[in-house]
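Worksheet for the structure shown next.
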Amino acid sequence: MIPASRPASRFHDAKLLVVDACGNLHHTPRSRFVDWLRPGDLVIGNDAATLPASLCGEHVQSHASIEVRLAGRRSLAAHDVHRFFALVLGAGDHRTRTENRSPPPRIAAGDHLALGPLRATVEGMRGHPRLVALHFAGPTDAIWAGLARHGRPIQYAHVPEPLELWDVWTPIAGPPVAFEPPSAGFAVDWQALAEMRSRGIEFASITHAAGISSTGDDELDRQLPFDEPYRIPATTAAAIHRARRHGRRIVAIGTTVVRAVEAAAVRDGRVHAGDGMAKLRIDANHDLRIVDAILSGTHEPGDSHYEMLRAFADDQTLRRATEELAAHGYRTHEFGDSVFFARMHVCNAENRSQTGGCKVGRPGTADAALLGTKDRSAGHGARPVDASRGRSRRACHSPAAANPWSPPTARTTSR
Amino acid sequence: MQPTQQIDLEGAIAGLRVAVTGGTSGLGLALVGELLARGARVAFVARNRERVERVARELSRAHGIVGDVSQKHDIHPIAVQVVGALGGLDVLVNNAADLGPTPLALLGDTECEDLERALATNVVGPFRLTKALLGALAAAAREGRGAVVLNISSDAAINPYPRWGAYGVSKAALHHLSRIWDAEFDAAGLSFLSLDPGEMDTPMHALAVPDADRTVLKSPAVAARELADAIGNAIAGRRRRSSRASSATATTGWAS
């Protein structure tokens, strides 16, 4: 795929590939995302704003120039900003690909880092020469001020121009706790939220400290995502309970939302309000307990976001989607285009023949016309149901059954 | 647009997370003190580092933030510090203001740069800061806490006072901005207030009208009490609407 090289490219002309619950593919402008939702859906966004988490400075002992990229925190508490774990890179900046960056100087516990107005002590190494635990000196407000004024958004070589904080600020951004933008949220602007409201689509949010997407080191990259703290407001937990009780879909805006709400339901299948730490990996082996559909960036096979999509769709469908994205020039990375995956389920021949294609959104409208013949034939081919994983799956909705008040009966058995 | 005389009987200010711009002198400083006294958690913003540090020392519970709302590169760092330090935001008070040319001048004698500075501080700055903080405010609204933006207005926003051109034009624009924000965000649970605190005995007033009889001017402390009441009432109103909506949701199972 083509890297989206300018943040401005996320606006206006962004594209969306919709993969419906039968594996059919649909192309649409991302600005029409709301058309693929249906009344009663509960849409959940991550309201984390992006901390300017890249801090340039010096390793005091060696006088070597370094770039520190904050990468994790113990909690989301406002006063708990003294301790972070962080990636340390050698001299240079984001214009060098992370994997080609010079290594940091040899760092040991007790070393000092001078990062603009901030002073930090290395509390310890975290199992890798690039990964350290840091303690910032000074009062809480001074640390927030130092981060806000000296930090820059973490960025990568595919976007050469320096990013400003407003480039990484999603419309719903609130607490500045993400280390990189929860970029699926760029698609949810105030117009989209107003349209959702007018169509009876509910919106709620969680706060999840989205971590870094690349460390420049294969061994560390395999550990991504790191543990990430999250917070589920009581109103969001209640909205999720209501939606599930009434058989309404839960749509996650981004992988971080999936990670937070699935983590919050790990204990007993219920999403608990409050603070937690997401440690789980979501991949093909994870049985989604809460989320029914996801809006996400486009991802390439192998990264942790792509692995998460394997919880939503089988590998054959993901391969077709990846080919389709490449064939249609979709852009990737945080300012690129988007995909929407509804969790795949049994799509039986009877339903398909009634509907002319499994409908994700716009029940009753003639969106079958949007299906290219190629897509349609592909979508109607023999679809592996992935019965080997033993997950019970819902029956395909026909438009008549799309009423959120009358949930498909299989839903309760799948939870 | 004068604040109503209704006092905040419900004590809705306690526990609110509030940001006040222009918080080191005049009305802003009085508001910071009033809101702290009523149990709010307050972050204040002002340009001058020494004054911010002094006020933060004197009012030890307030979070002082150095920043200039007229500068676009200051806006997001201010937002990071406000929401970072408070953990969220329920109320934003856009109080920082620029008088235009001083001494006040007829429009024909007003330098373009003076008008631009007044617009940057009094209109574009509040617009930018509000936009950067909308996500935090909307989250407070979704959580049923209520969320309010108070833009400090003036009777110069309505009346065409000679020699108050730059200020009056900027305050008129801010007043209209508030009304449009309010119309657009009512359904999302945010209230935008545009209130005229009246003619107060403040450093800004002394700059505008150096020979004023200060005995007839309102004390900023009195204006701050009235504005805090107005904020409390707006929050309480939002909370009532939100709890009505959530009890309706509990019966239908579906927010709309």
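Following the order of the structure tokens, first chain is A, next is B, and so on, with residues numbered from 1 inside each chain and ligands from 1 in the order they appear.
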
(Q) as a ChimeraX atom specification, please: the residues near region 199-214 of chain B (cut-off 12 Å, only C-alpha atoms, same-chain neighbours under 5 positions excluded). (A) /B:2,22,24-30,95-105,153-156,163-164,167,219-224

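Interatomic distance, CA of Arg95 (chain A) to CA of Leu70 (chain A): 18.3 Å.
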
Q: Run DSSP on the backbone of this structure and report the residues of region 248-290 of chain A it assigns to helix (DSSP H, G or I), as a ChimeraX atom specification.
A: /A:255-264

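With the cut-off set to 7 Å and only C-alpha atoms counted, chain B residues close to chain A are His63, His76, Pro77, Val80, Gln81, Val83, Gly84, Ala85, Leu86, Gly87, Gly88, Leu133, Leu134, Gly135, Ala136, Glu143, Gly253, Trp254, Ala255 and Ser256 of chain B.
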
Those same residues, written as a JSON list (two decimals), in the first residue's frame with C-alpha atoms?
```
[["chain", "number", "residue", "atom", "x", "y", "z"],
["B", 63, "HIS", "CA", -2.81, 24.78, 38.36],
["B", 76, "HIS", "CA", -2.59, 22.66, 22.08],
["B", 77, "PRO", "CA", 0.17, 22.85, 24.71],
["B", 80, "VAL", "CA", -2.48, 19.24, 27.07],
["B", 81, "GLN", "CA", -1.73, 20.93, 30.39],
["B", 83, "VAL", "CA", -6.73, 18.26, 30.58],
["B", 84, "GLY", "CA", -3.54, 16.58, 31.74],
["B", 85, "ALA", "CA", -3.52, 18.30, 35.12],
["B", 86, "LEU", "CA", -7.27, 18.14, 35.74],
["B", 87, "GLY", "CA", -7.79, 14.68, 34.18],
["B", 88, "GLY", "CA", -10.74, 16.04, 32.17],
["B", 133, "LEU", "CA", -10.99, 21.17, 24.33],
["B", 134, "LEU", "CA", -14.29, 20.09, 22.73],
["B", 135, "GLY", "CA", -13.41, 16.41, 23.05],
["B", 136, "ALA", "CA", -12.83, 16.70, 26.79],
["B", 143, "GLU", "CA", -20.75, 11.10, 31.37],
["B", 253, "GLY", "CA", -32.96, 0.60, 26.30],
["B", 254, "TRP", "CA", -31.94, 2.99, 23.62],
["B", 255, "ALA", "CA", -30.57, 6.49, 23.74],
["B", 256, "SER", "CA", -31.77, 8.73, 20.99]]
```

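The space separating CA of Ala108 (chain A) from CA of Pro225 (chain A) comes to 24.5 Å.
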
Q | DSSP strand (DSSP E or B) residues within region 122-159 of chain A, listed as a list in words | A | Val122, Glu123, Gly124, Met125, Arg126, Gly127, His128, Leu131, Val132, Ala133, Leu134, His135, Phe136 and Arg152 of chain A

Could you write out that same residue set with C-alpha atoms as a short mmCIF file (atom, residue, chain, number, x, y, z; two decimals), in the first residue's frame?
```cif
data_model
loop_
_atom_site.label_atom_id
_atom_site.label_comp_id
_atom_site.auth_asym_id
_atom_site.auth_seq_id
_atom_site.Cartn_x
_atom_site.Cartn_y
_atom_site.Cartn_z
CA VAL A 122 16.82 6.05 34.41
CA GLU A 123 15.27 3.74 36.99
CA GLY A 124 16.20 0.60 35.11
CA MET A 125 16.42 -1.13 31.78
CA ARG A 126 13.45 -3.08 30.54
CA GLY A 127 15.06 -6.11 28.98
CA HIS A 128 16.40 -4.34 25.90
CA LEU A 131 13.83 0.29 26.49
CA VAL A 132 14.13 2.13 29.81
CA ALA A 133 12.04 3.00 32.84
CA LEU A 134 12.21 6.75 33.51
CA HIS A 135 11.46 8.93 36.49
CA PHE A 136 10.88 12.64 35.83
CA ARG A 152 6.80 16.76 19.71
#
```

Using only C-alpha atoms, which protein or nucleic acid residues come within 8 Å of region 279-290 of chain A? Drop anything in the same chain fewer than 5 positions from it, and give the result as a compact mmCIF listing (two decimals) with C-alpha atoms, in the first residue's frame.
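File selection_31.txt, as written:
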```txt
# COMPACT_ATOMS: atom_id res chain seq x y z
CA PRO A 225 1.42 -3.67 21.76
CA PHE A 226 2.90 -3.06 25.20
CA ASP A 227 0.60 -3.05 28.22
CA GLU A 228 -1.72 -0.05 27.97
CA ILE A 250 -21.12 -2.69 19.32
CA ARG A 259 -8.37 -3.90 23.29
CA VAL A 261 -13.36 -3.25 26.17
CA GLU A 262 -12.26 -6.85 25.58
CA ALA A 263 -9.72 -6.46 28.39
CA ALA A 265 -14.58 -8.12 29.94
CA GLY A 269 -17.65 -11.37 30.02
CA GLU A 307 -3.42 -9.61 13.76
CA MET A 308 -6.37 -8.08 15.60
CA LEU A 309 -8.44 -8.04 12.40
CA ARG A 310 -8.01 -11.82 12.30
CA ALA A 311 -10.40 -11.92 15.25
CA PHE A 312 -13.03 -10.34 12.99
CA ARG A 389 -12.26 -22.53 16.13
CA ARG A 391 -17.06 -20.21 17.79
CA ARG A 415 -21.76 -14.62 24.13
```

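Between Gly274 (chain A) and the candidates A:Ser75, A:Thr98, A:Gln61, A:Thr332, the tightest atom-to-atom separation, counting only C-alpha atoms, involves A:Ser75.
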
Ala321 (chain A) surroundings by only C-alpha atoms, 12 Å radius, close-in-sequence under 4 positions cut, as a PDB file with N, CA and C atoms, in the first residue's frame:
```pdb
ATOM      1  N   MET A   1       0.834  -1.204   0.000  1.00  0.00           N
ATOM      2  CA  MET A   1       0.000   0.000   0.000  1.00  0.00           C
ATOM      3  C   MET A   1       0.868   1.254   0.000  1.00  0.00           C
ATOM      4  N   LEU A  16     -12.881   4.251   2.252  1.00  0.00           N
ATOM      5  CA  LEU A  16     -13.238   3.218   3.222  1.00  0.00           C
ATOM      6  C   LEU A  16     -13.561   1.931   2.476  1.00  0.00           C
ATOM      7  N   LEU A  17     -12.897   0.847   2.877  1.00  0.00           N
ATOM      8  CA  LEU A  17     -13.257  -0.482   2.374  1.00  0.00           C
ATOM      9  C   LEU A  17     -14.100  -1.164   3.445  1.00  0.00           C
ATOM     10  N   VAL A  18     -15.339  -1.489   3.076  1.00  0.00           N
ATOM     11  CA  VAL A  18     -16.230  -2.162   4.014  1.00  0.00           C
ATOM     12  C   VAL A  18     -16.192  -3.660   3.731  1.00  0.00           C
ATOM     13  N   VAL A  19     -15.925  -4.440   4.775  1.00  0.00           N
ATOM     14  CA  VAL A  19     -15.964  -5.892   4.657  1.00  0.00           C
ATOM     15  C   VAL A  19     -17.147  -6.347   5.495  1.00  0.00           C
ATOM     16  N   ASP A  20     -18.205  -6.763   4.815  1.00  0.00           N
ATOM     17  CA  ASP A  20     -19.405  -7.068   5.588  1.00  0.00           C
ATOM     18  C   ASP A  20     -19.295  -8.447   6.237  1.00  0.00           C
ATOM     19  N   GLY A  23     -18.251 -11.288   4.288  1.00  0.00           N
ATOM     20  CA  GLY A  23     -16.976 -11.212   3.589  1.00  0.00           C
ATOM     21  C   GLY A  23     -17.054 -10.475   2.262  1.00  0.00           C
ATOM     22  N   ASN A  24     -18.187  -9.875   1.950  1.00  0.00           N
ATOM     23  CA  ASN A  24     -18.276  -9.080   0.724  1.00  0.00           C
ATOM     24  C   ASN A  24     -17.564  -7.752   0.912  1.00  0.00           C
ATOM     25  N   LEU A  25     -16.975  -7.246  -0.158  1.00  0.00           N
ATOM     26  CA  LEU A  25     -16.203  -6.004  -0.085  1.00  0.00           C
ATOM     27  C   LEU A  25     -16.955  -4.866  -0.772  1.00  0.00           C
ATOM     28  N   HIS A  26     -16.932  -3.686  -0.153  1.00  0.00           N
ATOM     29  CA  HIS A  26     -17.608  -2.512  -0.703  1.00  0.00           C
ATOM     30  C   HIS A  26     -16.682  -1.309  -0.567  1.00  0.00           C
ATOM     31  N   HIS A  27     -16.607  -0.475  -1.613  1.00  0.00           N
ATOM     32  CA  HIS A  27     -15.826   0.754  -1.536  1.00  0.00           C
ATOM     33  C   HIS A  27     -16.766   1.933  -1.299  1.00  0.00           C
ATOM     34  N   THR A 298      -5.913   1.050   7.533  1.00  0.00           N
ATOM     35  CA  THR A 298      -5.527  -0.102   6.726  1.00  0.00           C
ATOM     36  C   THR A 298      -4.195  -0.598   7.268  1.00  0.00           C
ATOM     37  N   HIS A 299      -4.073  -1.886   7.391  1.00  0.00           N
ATOM     38  CA  HIS A 299      -2.861  -2.441   7.994  1.00  0.00           C
ATOM     39  C   HIS A 299      -2.282  -3.532   7.114  1.00  0.00           C
ATOM     40  N   GLU A 300      -0.983  -3.743   7.268  1.00  0.00           N
ATOM     41  CA  GLU A 300      -0.329  -4.742   6.448  1.00  0.00           C
ATOM     42  C   GLU A 300      -0.094  -6.014   7.248  1.00  0.00           C
ATOM     43  N   PRO A 301      -0.161  -7.162   6.545  1.00  0.00           N
ATOM     44  CA  PRO A 301      -0.017  -8.435   7.250  1.00  0.00           C
ATOM     45  C   PRO A 301       1.224  -8.427   8.130  1.00  0.00           C
ATOM     46  N   TYR A 306      -3.130  -5.756  12.223  1.00  0.00           N
ATOM     47  CA  TYR A 306      -3.623  -6.753  11.269  1.00  0.00           C
ATOM     48  C   TYR A 306      -3.984  -8.038  12.010  1.00  0.00           C
ATOM     49  N   LEU A 309      -7.355  -7.870  13.369  1.00  0.00           N
ATOM     50  CA  LEU A 309      -8.441  -8.038  12.400  1.00  0.00           C
ATOM     51  C   LEU A 309      -8.752  -9.516  12.175  1.00  0.00           C
ATOM     52  N   ARG A 310      -7.764 -10.379  12.451  1.00  0.00           N
ATOM     53  CA  ARG A 310      -8.009 -11.821  12.299  1.00  0.00           C
ATOM     54  C   ARG A 310      -9.038 -12.337  13.301  1.00  0.00           C
ATOM     55  N   ALA A 313     -12.299 -11.523  10.971  1.00  0.00           N
ATOM     56  CA  ALA A 313     -12.537 -12.147   9.671  1.00  0.00           C
ATOM     57  C   ALA A 313     -11.538 -13.270   9.461  1.00  0.00           C
ATOM     58  N   ASP A 314     -11.921 -14.224   8.628  1.00  0.00           N
ATOM     59  CA  ASP A 314     -11.005 -15.335   8.376  1.00  0.00           C
ATOM     60  C   ASP A 314      -9.874 -14.883   7.453  1.00  0.00           C
ATOM     61  N   ASP A 315      -8.845 -15.708   7.383  1.00  0.00           N
ATOM     62  CA  ASP A 315      -7.637 -15.302   6.665  1.00  0.00           C
ATOM     63  C   ASP A 315      -7.876 -15.112   5.179  1.00  0.00           C
ATOM     64  N   GLN A 316      -8.761 -15.909   4.614  1.00  0.00           N
ATOM     65  CA  GLN A 316      -9.018 -15.770   3.187  1.00  0.00           C
ATOM     66  C   GLN A 316      -9.662 -14.401   2.897  1.00  0.00           C
ATOM     67  N   THR A 317     -10.597 -14.011   3.729  1.00  0.00           N
ATOM     68  CA  THR A 317     -11.245 -12.710   3.549  1.00  0.00           C
ATOM     69  C   THR A 317     -10.236 -11.579   3.750  1.00  0.00           C
ATOM     70  N   LEU A 325      -7.327  -3.531  -1.263  1.00  0.00           N
ATOM     71  CA  LEU A 325      -6.753  -2.252  -0.837  1.00  0.00           C
ATOM     72  C   LEU A 325      -5.596  -1.863  -1.752  1.00  0.00           C
ATOM     73  N   ALA A 326      -4.754  -2.858  -2.079  1.00  0.00           N
ATOM     74  CA  ALA A 326      -3.600  -2.579  -2.938  1.00  0.00           C
ATOM     75  C   ALA A 326      -4.068  -2.226  -4.350  1.00  0.00           C
ATOM     76  N   ALA A 327      -5.044  -2.986  -4.845  1.00  0.00           N
ATOM     77  CA  ALA A 327      -5.507  -2.782  -6.221  1.00  0.00           C
ATOM     78  C   ALA A 327      -6.165  -1.415  -6.390  1.00  0.00           C
ATOM     79  N   HIS A 328      -6.746  -0.879  -5.329  1.00  0.00           N
ATOM     80  CA  HIS A 328      -7.466   0.394  -5.430  1.00  0.00           C
ATOM     81  C   HIS A 328      -6.689   1.561  -4.836  1.00  0.00           C
ATOM     82  N   TYR A 330      -5.358   2.229  -1.910  1.00  0.00           N
ATOM     83  CA  TYR A 330      -5.615   2.748  -0.559  1.00  0.00           C
ATOM     84  C   TYR A 330      -4.292   3.124   0.095  1.00  0.00           C
ATOM     85  N   SER A 338      -9.241   3.879   5.429  1.00  0.00           N
ATOM     86  CA  SER A 338      -9.774   3.062   6.525  1.00  0.00           C
ATOM     87  C   SER A 338     -10.439   1.789   6.019  1.00  0.00           C
ATOM     88  N   VAL A 339     -10.590   0.859   6.934  1.00  0.00           N
ATOM     89  CA  VAL A 339     -11.379  -0.349   6.668  1.00  0.00           C
ATOM     90  C   VAL A 339     -12.446  -0.480   7.756  1.00  0.00           C
ATOM     91  N   PHE A 340     -13.557  -1.096   7.381  1.00  0.00           N
ATOM     92  CA  PHE A 340     -14.618  -1.394   8.344  1.00  0.00           C
ATOM     93  C   PHE A 340     -14.906  -2.883   8.240  1.00  0.00           C
ATOM     94  N   PHE A 341     -14.700  -3.605   9.320  1.00  0.00           N
ATOM     95  CA  PHE A 341     -14.948  -5.048   9.340  1.00  0.00           C
ATOM     96  C   PHE A 341     -16.104  -5.356  10.278  1.00  0.00           C
ATOM     97  N   ASP A 375     -16.566  -8.621  -6.722  1.00  0.00           N
ATOM     98  CA  ASP A 375     -16.746  -8.751  -5.281  1.00  0.00           C
ATOM     99  C   ASP A 375     -17.872  -9.721  -4.973  1.00  0.00           C
ATOM    100  N   ALA A 378     -17.016 -13.228  -5.553  1.00  0.00           N
ATOM    101  CA  ALA A 378     -16.070 -13.667  -4.527  1.00  0.00           C
ATOM    102  C   ALA A 378     -16.801 -13.872  -3.205  1.00  0.00           C
ATOM    103  N   GLY A 379     -17.667 -12.912  -2.910  1.00  0.00           N
ATOM    104  CA  GLY A 379     -18.361 -12.974  -1.636  1.00  0.00           C
ATOM    105  C   GLY A 379     -19.310 -14.159  -1.554  1.00  0.00           C
TER     106      GLY A 379
END
```

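Non-sequential neighbours of Val257 (chain A) (distance at most 8 Å, separation of 6 or more positions within a chain, only C-alpha atoms) are Ile44, Gly45, Asn46, Ile206 and His208 of chain A.
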
Q: Between CA of Asp337 (chain A) and CA of Phe33 (chain A), measure the distance and give it in Å to one decimal.
A: 11.8 Å

**Q.** Contact residues around Ile235 (chain B) with only C-alpha atoms at 9 Å, ignoring same-chain residues under 5 positions, as a PyMOL selection string
**A.** chain B and resi 12-13+90-91+145-148+191+230+240

Can I get the selected residues back with N, CA and C atoms, as a PDB file, in the first residue's frame?
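Generated output (again06.pdb):
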```pdb
ATOM      1  N   ALA B  12     -23.526  23.281  42.422  1.00  0.00           N
ATOM      2  CA  ALA B  12     -23.033  22.422  41.336  1.00  0.00           C
ATOM      3  C   ALA B  12     -21.558  22.636  41.020  1.00  0.00           C
ATOM      4  N   ILE B  13     -20.967  23.705  41.572  1.00  0.00           N
ATOM      5  CA  ILE B  13     -19.568  24.004  41.245  1.00  0.00           C
ATOM      6  C   ILE B  13     -18.594  23.021  41.906  1.00  0.00           C
ATOM      7  N   ASP B  90     -14.783  20.105  32.635  1.00  0.00           N
ATOM      8  CA  ASP B  90     -16.229  20.333  32.636  1.00  0.00           C
ATOM      9  C   ASP B  90     -16.580  21.742  32.201  1.00  0.00           C
ATOM     10  N   VAL B  91     -15.721  22.708  32.504  1.00  0.00           N
ATOM     11  CA  VAL B  91     -16.044  24.112  32.242  1.00  0.00           C
ATOM     12  C   VAL B  91     -14.816  24.840  31.697  1.00  0.00           C
ATOM     13  N   ARG B 145     -22.008  14.668  33.542  1.00  0.00           N
ATOM     14  CA  ARG B 145     -21.500  15.668  34.482  1.00  0.00           C
ATOM     15  C   ARG B 145     -21.991  17.056  34.133  1.00  0.00           C
ATOM     16  N   GLY B 146     -22.403  17.261  32.873  1.00  0.00           N
ATOM     17  CA  GLY B 146     -22.720  18.599  32.390  1.00  0.00           C
ATOM     18  C   GLY B 146     -21.448  19.276  31.933  1.00  0.00           C
ATOM     19  N   ALA B 147     -21.534  20.093  30.902  1.00  0.00           N
ATOM     20  CA  ALA B 147     -20.346  20.781  30.402  1.00  0.00           C
ATOM     21  C   ALA B 147     -20.764  22.164  29.898  1.00  0.00           C
ATOM     22  N   VAL B 148     -19.942  23.154  30.236  1.00  0.00           N
ATOM     23  CA  VAL B 148     -20.289  24.548  29.934  1.00  0.00           C
ATOM     24  C   VAL B 148     -19.050  25.291  29.446  1.00  0.00           C
ATOM     25  N   SER B 191     -23.407  23.435  26.951  1.00  0.00           N
ATOM     26  CA  SER B 191     -24.006  24.762  26.937  1.00  0.00           C
ATOM     27  C   SER B 191     -22.931  25.812  26.748  1.00  0.00           C
ATOM     28  N   ALA B 230     -24.004  31.567  37.568  1.00  0.00           N
ATOM     29  CA  ALA B 230     -24.514  31.252  36.229  1.00  0.00           C
ATOM     30  C   ALA B 230     -23.952  29.921  35.727  1.00  0.00           C
ATOM     31  N   ARG B 240     -29.756  17.867  35.036  1.00  0.00           N
ATOM     32  CA  ARG B 240     -31.165  17.447  35.102  1.00  0.00           C
ATOM     33  C   ARG B 240     -31.596  16.840  33.776  1.00  0.00           C
TER      34      ARG B 240
END
```
